[in-house]
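Peer 1: Please see the structure below; I have some questions.
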Amino acid sequence: MSAQRAIVMILTVYVGLIVTSSLQALSPWRVPTPEVALLVVLYLGLGGRGSAPAMLGLALVIGYLADLFAGSPKGLESLTLGVAMLLARAASSRLDVATPWHTMVIALVAALAHGLLQLAISSSMYGGGAIAALRLVPTTAVTTALVAPFAFRILRRLDR
């Protein structure tokens with residue numbers, strides 16, 4: 001993986017996080033927003049270009065950036081996105097993301113697993129409110145799946 005490609009992907013995540021956090025801040029109610037960092041990590045992992053350690057390092061940097069925007073404990077997003085990158089790299093030769101439908105299904109499953117993993121790791125911090133946080137996982141996963149084909153198309157153009 002080249003440094004130029006890594007910088008472009010990090011800047012793409014940065015812009016995506018600014019847009020989604022602004023949308024949440026300006027909305028009077030809780031708007032489910034897609035997991036932008038997860039979509040970029042899935043795109044990179046399923047693309048299969050670059051060495052696994054370099055891709056894992058990039059996923060950790062993207063996760064740390066997502067940690068800063070989310071206000072979550074430092075390392076939570078990094079850990080879960082690192083796991084997502086490793087799983088996407090392992091499945092990249094077995095999964096076909098040629099059509100928007102495939103992209104949506106893969107993004108839905110990945111977003112559900114990502115949300116549940118985050119909740120499992122941080123459930124001790126919620127006290128009795130873990131069930132309320134669990135309700136947000138499906139809506140975020142569906143939103144991520146609906147945005148995934150559009151995001152993958154943009155990432156393919158940026159990656160050329």
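Labels used: A, B, ... for chains in the order of the structure tokens, numbers from 1 for residues in each chain, and numbers from 1 for ligands as shown.
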If you count only C-alpha atoms, which residues fall within 8 Å of Leu108 of chain A, apart from same-chain ones fewer than 4 positions away, as a PyMOL selection string?
Peer 2: chain A and resi 104+112+141-142+144-145
Peer 1: Would you save the residues of that selection, restricted to N, CA and C atoms, as a PDB file, in the first residue's frame?
Peer 2:
ATOM      1  N   MET A 104     -24.411  -4.382  -0.350  1.00  0.00           N
ATOM      2  CA  MET A 104     -25.354  -4.069   0.730  1.00  0.00           C
ATOM      3  C   MET A 104     -25.426  -5.190   1.757  1.00  0.00           C
ATOM      4  N   LEU A 112     -23.689  -5.045  11.512  1.00  0.00           N
ATOM      5  CA  LEU A 112     -24.308  -5.711  12.668  1.00  0.00           C
ATOM      6  C   LEU A 112     -23.245  -6.317  13.576  1.00  0.00           C
ATOM      7  N   ALA A 141     -26.965  -0.344  11.202  1.00  0.00           N
ATOM      8  CA  ALA A 141     -26.546  -1.351  10.222  1.00  0.00           C
ATOM      9  C   ALA A 141     -27.316  -1.203   8.916  1.00  0.00           C
ATOM     10  N   VAL A 142     -28.616  -0.955   9.001  1.00  0.00           N
ATOM     11  CA  VAL A 142     -29.421  -0.788   7.791  1.00  0.00           C
ATOM     12  C   VAL A 142     -28.998   0.475   7.044  1.00  0.00           C
ATOM     13  N   THR A 144     -26.056   1.880   7.127  1.00  0.00           N
ATOM     14  CA  THR A 144     -24.743   1.591   6.542  1.00  0.00           C
ATOM     15  C   THR A 144     -24.892   0.756   5.279  1.00  0.00           C
ATOM     16  N   ALA A 145     -25.781  -0.227   5.303  1.00  0.00           N
ATOM     17  CA  ALA A 145     -25.989  -1.078   4.129  1.00  0.00           C
ATOM     18  C   ALA A 145     -26.577  -0.291   2.964  1.00  0.00           C
TER      19      ALA A 145
END
Peer 1: Residues within 9 Å of Val83 of chain A, please, as a list of chain:residue names. Count only C-alpha atoms; anything in the same chain fewer than 4 positions from it doesn't count.
Peer 2: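 What passes the distance filter is A:Leu56, A:Ala59, A:Ser78, A:Leu79, A:Leu87, A:Ala88, A:His114.
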Peer 1: With 8 Å as the cut-off and only C-alpha atoms counted, what is the closest atom pair between each nearby residue of segment 91-128 of chain A and segment 23-45 of chain A? Distances in Å to one decimal, ordered by chain and number, as JSON lines.
Peer 2:
{"residue": "A:Ser92", "atom": "CA", "partner": "A:Gly45", "partner_atom": "CA", "distance": 6.8}
{"residue": "A:Ala107", "atom": "CA", "partner": "A:Leu39", "partner_atom": "CA", "distance": 7.2}
{"residue": "A:Ala111", "atom": "CA", "partner": "A:Leu38", "partner_atom": "CA", "distance": 7.4}
Peer 1: Include N, CA, C and O atoms and write out the residues we just selected as a CSV table (one decimal), in the first residue's frame.
Peer 2:
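This is the output file out32.csv:
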chain,number,residue,atom,x,y,z
A,92,SER,N,-11.7,-11.9,1.6
A,92,SER,CA,-11.7,-11.2,0.3
A,92,SER,C,-11.7,-12.1,-0.9
A,92,SER,O,-12.2,-11.8,-2.0
A,107,ALA,N,-22.2,-5.3,3.8
A,107,ALA,CA,-22.1,-4.2,4.7
A,107,ALA,C,-23.1,-4.3,5.8
A,107,ALA,O,-22.8,-4.0,7.0
A,111,ALA,N,-21.8,-4.5,9.6
A,111,ALA,CA,-22.2,-3.4,10.5
A,111,ALA,C,-22.9,-4.0,11.7
A,111,ALA,O,-22.7,-3.5,12.8
Peer 1: Would you list the contacts of Gln118 of chain A as a list of chain:residue names, taking every protein, DNA or RNA residue within 12 Å and counting only C-alpha atoms, but skipping same-chain residues closer than 3 positions in sequence?
Peer 2: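 With the cut-off at 12 Å, the set is A:Asp67, A:Ser72, A:Pro73, A:Gly75, A:Leu76, A:Glu77, A:Ser78, A:Leu79, A:Thr80, A:Leu81, A:Val83, A:Ala84, A:Ala111, A:Leu112, A:Ala113, A:His114, A:Gly115, A:Ile121, A:Ser122, A:Ser123, A:Ser124, A:Met125, A:Tyr126, A:Ala130, A:Ala133, A:Leu134, A:Leu136, A:Val137.
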Peer 1: With only C-alpha atoms as the atoms that count, which of A:Arg135, A:Gly47, A:Leu11, A:Gly16 lies nearest to Leu95 of chain A?
Peer 2: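 Distance minimum relative to Leu95 of chain A lands on A:Gly47.
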Peer 1: Within 10 Å of Ala6 of chain A, counting only C-alpha atoms, which residues qualify if same-chain residues fewer than 3 places away don't, as a list in words?
Peer 2: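 Residues near the query, excluding close chain neighbours: Met1, Ser2, Ala3, Met9, Ile10, Leu11, Thr12, Leu44, Ala54, Met55, Gly57, Leu58, Ala59, Val61, Ile62 and Asp159 of chain A.
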Peer 1: Can you spit out the residues from that selection as a PDB file, in the first residue's frame, using N, CA and C atoms?
Peer 2:
ATOM      1  N   MET A   1       0.842  -1.170   0.000  1.00  0.00           N
ATOM      2  CA  MET A   1       0.000   0.000   0.000  1.00  0.00           C
ATOM      3  C   MET A   1       0.886   1.232   0.000  1.00  0.00           C
ATOM      4  N   SER A   2       0.576   2.145  -0.869  1.00  0.00           N
ATOM      5  CA  SER A   2       1.373   3.365  -0.956  1.00  0.00           C
ATOM      6  C   SER A   2       0.910   4.368   0.101  1.00  0.00           C
ATOM      7  N   ALA A   3       1.818   5.267   0.439  1.00  0.00           N
ATOM      8  CA  ALA A   3       1.493   6.295   1.430  1.00  0.00           C
ATOM      9  C   ALA A   3       0.427   7.245   0.887  1.00  0.00           C
ATOM     10  N   MET A   9      -7.318   7.743   1.795  1.00  0.00           N
ATOM     11  CA  MET A   9      -8.362   7.028   2.538  1.00  0.00           C
ATOM     12  C   MET A   9      -8.595   7.657   3.912  1.00  0.00           C
ATOM     13  N   ILE A  10      -7.542   8.089   4.574  1.00  0.00           N
ATOM     14  CA  ILE A  10      -7.699   8.738   5.878  1.00  0.00           C
ATOM     15  C   ILE A  10      -8.450  10.062   5.725  1.00  0.00           C
ATOM     16  N   LEU A  11      -8.114  10.832   4.698  1.00  0.00           N
ATOM     17  CA  LEU A  11      -8.824  12.090   4.457  1.00  0.00           C
ATOM     18  C   LEU A  11     -10.282  11.855   4.083  1.00  0.00           C
ATOM     19  N   THR A  12     -10.548  10.765   3.362  1.00  0.00           N
ATOM     20  CA  THR A  12     -11.925  10.419   3.016  1.00  0.00           C
ATOM     21  C   THR A  12     -12.730  10.095   4.269  1.00  0.00           C
ATOM     22  N   LEU A  44     -11.264  -1.425   1.757  1.00  0.00           N
ATOM     23  CA  LEU A  44      -9.838  -1.736   1.692  1.00  0.00           C
ATOM     24  C   LEU A  44      -9.576  -3.218   1.926  1.00  0.00           C
ATOM     25  N   ALA A  54       0.168  -3.635   6.687  1.00  0.00           N
ATOM     26  CA  ALA A  54      -0.065  -2.241   6.308  1.00  0.00           C
ATOM     27  C   ALA A  54      -1.549  -1.913   6.376  1.00  0.00           C
ATOM     28  N   MET A  55      -2.385  -2.840   5.930  1.00  0.00           N
ATOM     29  CA  MET A  55      -3.828  -2.611   5.978  1.00  0.00           C
ATOM     30  C   MET A  55      -4.330  -2.562   7.419  1.00  0.00           C
ATOM     31  N   GLY A  57      -2.556  -1.602  10.022  1.00  0.00           N
ATOM     32  CA  GLY A  57      -2.115  -0.316  10.555  1.00  0.00           C
ATOM     33  C   GLY A  57      -3.025   0.819  10.109  1.00  0.00           C
ATOM     34  N   LEU A  58      -3.437   0.786   8.843  1.00  0.00           N
ATOM     35  CA  LEU A  58      -4.346   1.810   8.340  1.00  0.00           C
ATOM     36  C   LEU A  58      -5.702   1.718   9.033  1.00  0.00           C
ATOM     37  N   ALA A  59      -6.184   0.503   9.271  1.00  0.00           N
ATOM     38  CA  ALA A  59      -7.457   0.327   9.980  1.00  0.00           C
ATOM     39  C   ALA A  59      -7.366   0.865  11.406  1.00  0.00           C
ATOM     40  N   VAL A  61      -5.405   3.337  12.431  1.00  0.00           N
ATOM     41  CA  VAL A  61      -5.389   4.800  12.339  1.00  0.00           C
ATOM     42  C   VAL A  61      -6.795   5.327  12.072  1.00  0.00           C
ATOM     43  N   ILE A  62      -7.511   4.689  11.141  1.00  0.00           N
ATOM     44  CA  ILE A  62      -8.891   5.089  10.849  1.00  0.00           C
ATOM     45  C   ILE A  62      -9.760   4.915  12.091  1.00  0.00           C
ATOM     46  N   ASP A 159      -9.692   5.650  -5.504  1.00  0.00           N
ATOM     47  CA  ASP A 159      -8.604   4.684  -5.426  1.00  0.00           C
ATOM     48  C   ASP A 159      -7.890   4.483  -6.762  1.00  0.00           C
TER      49      ASP A 159
END
Peer 1: May I ask for the distance between atom CA of Ile7 of chain A and atom CA of Ser21 of chain A, given in Å to one decimal place?
Peer 2: 20.9 Å
Peer 1: Just to confirm, what's the straight-line distance from atom CA of Leu86 of chain A to atom CA of Ala98 of chain A in Å (one decimal)?
Peer 2: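 These two atoms are separated by 20.5 Å.
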Peer 1: Return the single residue from A:Ala52, A:Ala120, A:Val97, A:Ala66 that is closest to Thr20 of chain A, with distances computed using only C-alpha atoms.
Peer 2: A:Ala66
Peer 1: One decimal, Å: what's the distance from atom CA of Phe150 of chain A over to atom CA of Ala110 of chain A, could you say?
Peer 2: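 Interatomic distance here is 16.5 Å.
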Peer 1: Which is closest to Val109 of chain A among A:Arg89, A:Ala148, A:Ala70, A:Arg94, if we use only C-alpha atoms?
Peer 2: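 Comparing A:Arg89, A:Ala148, A:Ala70, A:Arg94 against Val109 of chain A, the winner is A:Ala148.
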